[in-house]
Amino acid sequence: MEKTTTTPKPVCAQESLALLNCVAAVPYDRDRCLALVDALRDCITQKRVKKFSLAEPSSSTSTEAPKSDPKP
């Protein structure tokens, strides 16, 4: 069974965050974002990342409303 580990600072975090902020920016700068895609890809290749995942939010920090079944 494959074990996944969470590191204090995720691998390629800075590159990932820069790319996400770029695509969220207004106005959208496609050329800048494509350069950041390349930077993230280089980091992933160097660190041999196989898969990214997001940490599950803890119950105390969740901002999502609890789901309930609709009553007839």
# chains A, B, ... in the order shown; residues from 1 in each chain; ligands from 1

call {"tool": "residues_around", "arguments": {"residues": "A:Val23", "least_positions_apart": "4", "cutoff": "7 Å", "atoms": "only C-alpha atoms", "output": "mmCIF file with all heavy atoms, in the first residue's frame"}}
result
data_model
loop_
_atom_site.group_PDB
_atom_site.id
_atom_site.type_symbol
_atom_site.label_atom_id
_atom_site.label_comp_id
_atom_site.auth_asym_id
_atom_site.auth_seq_id
_atom_site.Cartn_x
_atom_site.Cartn_y
_atom_site.Cartn_z
ATOM 1 N N LEU A 19 1.465 30.524 -9.884
ATOM 2 C CA LEU A 19 0.628 30.208 -11.043
ATOM 3 C C LEU A 19 -0.847 30.454 -10.737
ATOM 4 O O LEU A 19 -1.565 31.063 -11.540
ATOM 5 C CB LEU A 19 0.847 28.766 -11.486
ATOM 6 C CG LEU A 19 -0.019 28.286 -12.643
ATOM 7 C CD1 LEU A 19 0.173 29.158 -13.887
ATOM 8 C CD2 LEU A 19 0.270 26.832 -12.960
ATOM 9 N N TYR A 28 -5.695 39.340 -17.056
ATOM 10 C CA TYR A 28 -5.011 38.058 -17.219
ATOM 11 C C TYR A 28 -3.848 38.216 -18.188
ATOM 12 O O TYR A 28 -4.021 38.701 -19.303
ATOM 13 C CB TYR A 28 -6.009 37.018 -17.732
ATOM 14 C CG TYR A 28 -5.403 35.685 -18.087
ATOM 15 C CD1 TYR A 28 -4.873 34.864 -17.108
ATOM 16 C CD2 TYR A 28 -5.378 35.237 -19.403
ATOM 17 C CE1 TYR A 28 -4.328 33.636 -17.423
ATOM 18 C CE2 TYR A 28 -4.849 34.002 -19.730
ATOM 19 C CZ TYR A 28 -4.322 33.212 -18.743
ATOM 20 O OH TYR A 28 -3.782 31.992 -19.041
ATOM 21 N N CYS A 33 1.650 33.795 -17.307
ATOM 22 C CA CYS A 33 1.146 32.551 -16.717
ATOM 23 C C CYS A 33 1.769 31.325 -17.384
ATOM 24 O O CYS A 33 2.071 30.337 -16.708
ATOM 25 C CB CYS A 33 -0.374 32.494 -16.808
ATOM 26 S SG CYS A 33 -1.212 33.706 -15.758
#

call {"tool": "residues_around", "arguments": {"residues": "A:Glu15", "least_positions_apart": "5", "cutoff": "8 Å", "atoms": "only C-alpha atoms", "output": "PyMOL selection string"}}
result
chain A and resi 36+39-40+43

call {"tool": "write_last_selection", "arguments": {"atoms": "N, CA, C and O atoms", "output": "PDB file, in the first residue's frame"}}
result
ATOM      1  N   LEU A  36       5.025  30.739 -15.923  1.00  0.00           N
ATOM      2  CA  LEU A  36       4.890  30.138 -14.590  1.00  0.00           C
ATOM      3  C   LEU A  36       4.529  28.654 -14.672  1.00  0.00           C
ATOM      4  O   LEU A  36       4.937  27.865 -13.821  1.00  0.00           O
ATOM      5  N   ALA A  39       7.787  27.006 -15.174  1.00  0.00           N
ATOM      6  CA  ALA A  39       8.548  26.985 -13.926  1.00  0.00           C
ATOM      7  C   ALA A  39       8.031  25.889 -12.994  1.00  0.00           C
ATOM      8  O   ALA A  39       8.817  25.163 -12.364  1.00  0.00           O
ATOM      9  N   LEU A  40       6.719  25.750 -12.914  1.00  0.00           N
ATOM     10  CA  LEU A  40       6.133  24.696 -12.075  1.00  0.00           C
ATOM     11  C   LEU A  40       6.493  23.326 -12.622  1.00  0.00           C
ATOM     12  O   LEU A  40       6.852  22.421 -11.872  1.00  0.00           O
ATOM     13  N   CYS A  43      10.017  22.463 -11.679  1.00  0.00           N
ATOM     14  CA  CYS A  43      10.105  22.085 -10.264  1.00  0.00           C
ATOM     15  C   CYS A  43       9.600  20.658 -10.057  1.00  0.00           C
ATOM     16  O   CYS A  43      10.228  19.860  -9.372  1.00  0.00           O
TER      17      CYS A  43
END

call {"tool": "closest_residue", "arguments": {"among": "A:Leu54, A:Ile44, A:Val26, A:Leu34", "to": "A:Cys12", "atoms": "only C-alpha atoms"}}
result
A:Ile44

call {"tool": "atom_distance", "arguments": {"atom1": "atom CA of A:Leu20", "atom2": "atom CA of A:Ser53"}}
result
14.7 Å

call {"tool": "atom_distance", "arguments": {"atom1": "atom CA of A:Ala55", "atom2": "atom CA of A:Asn21"}}
result
19.0 Å
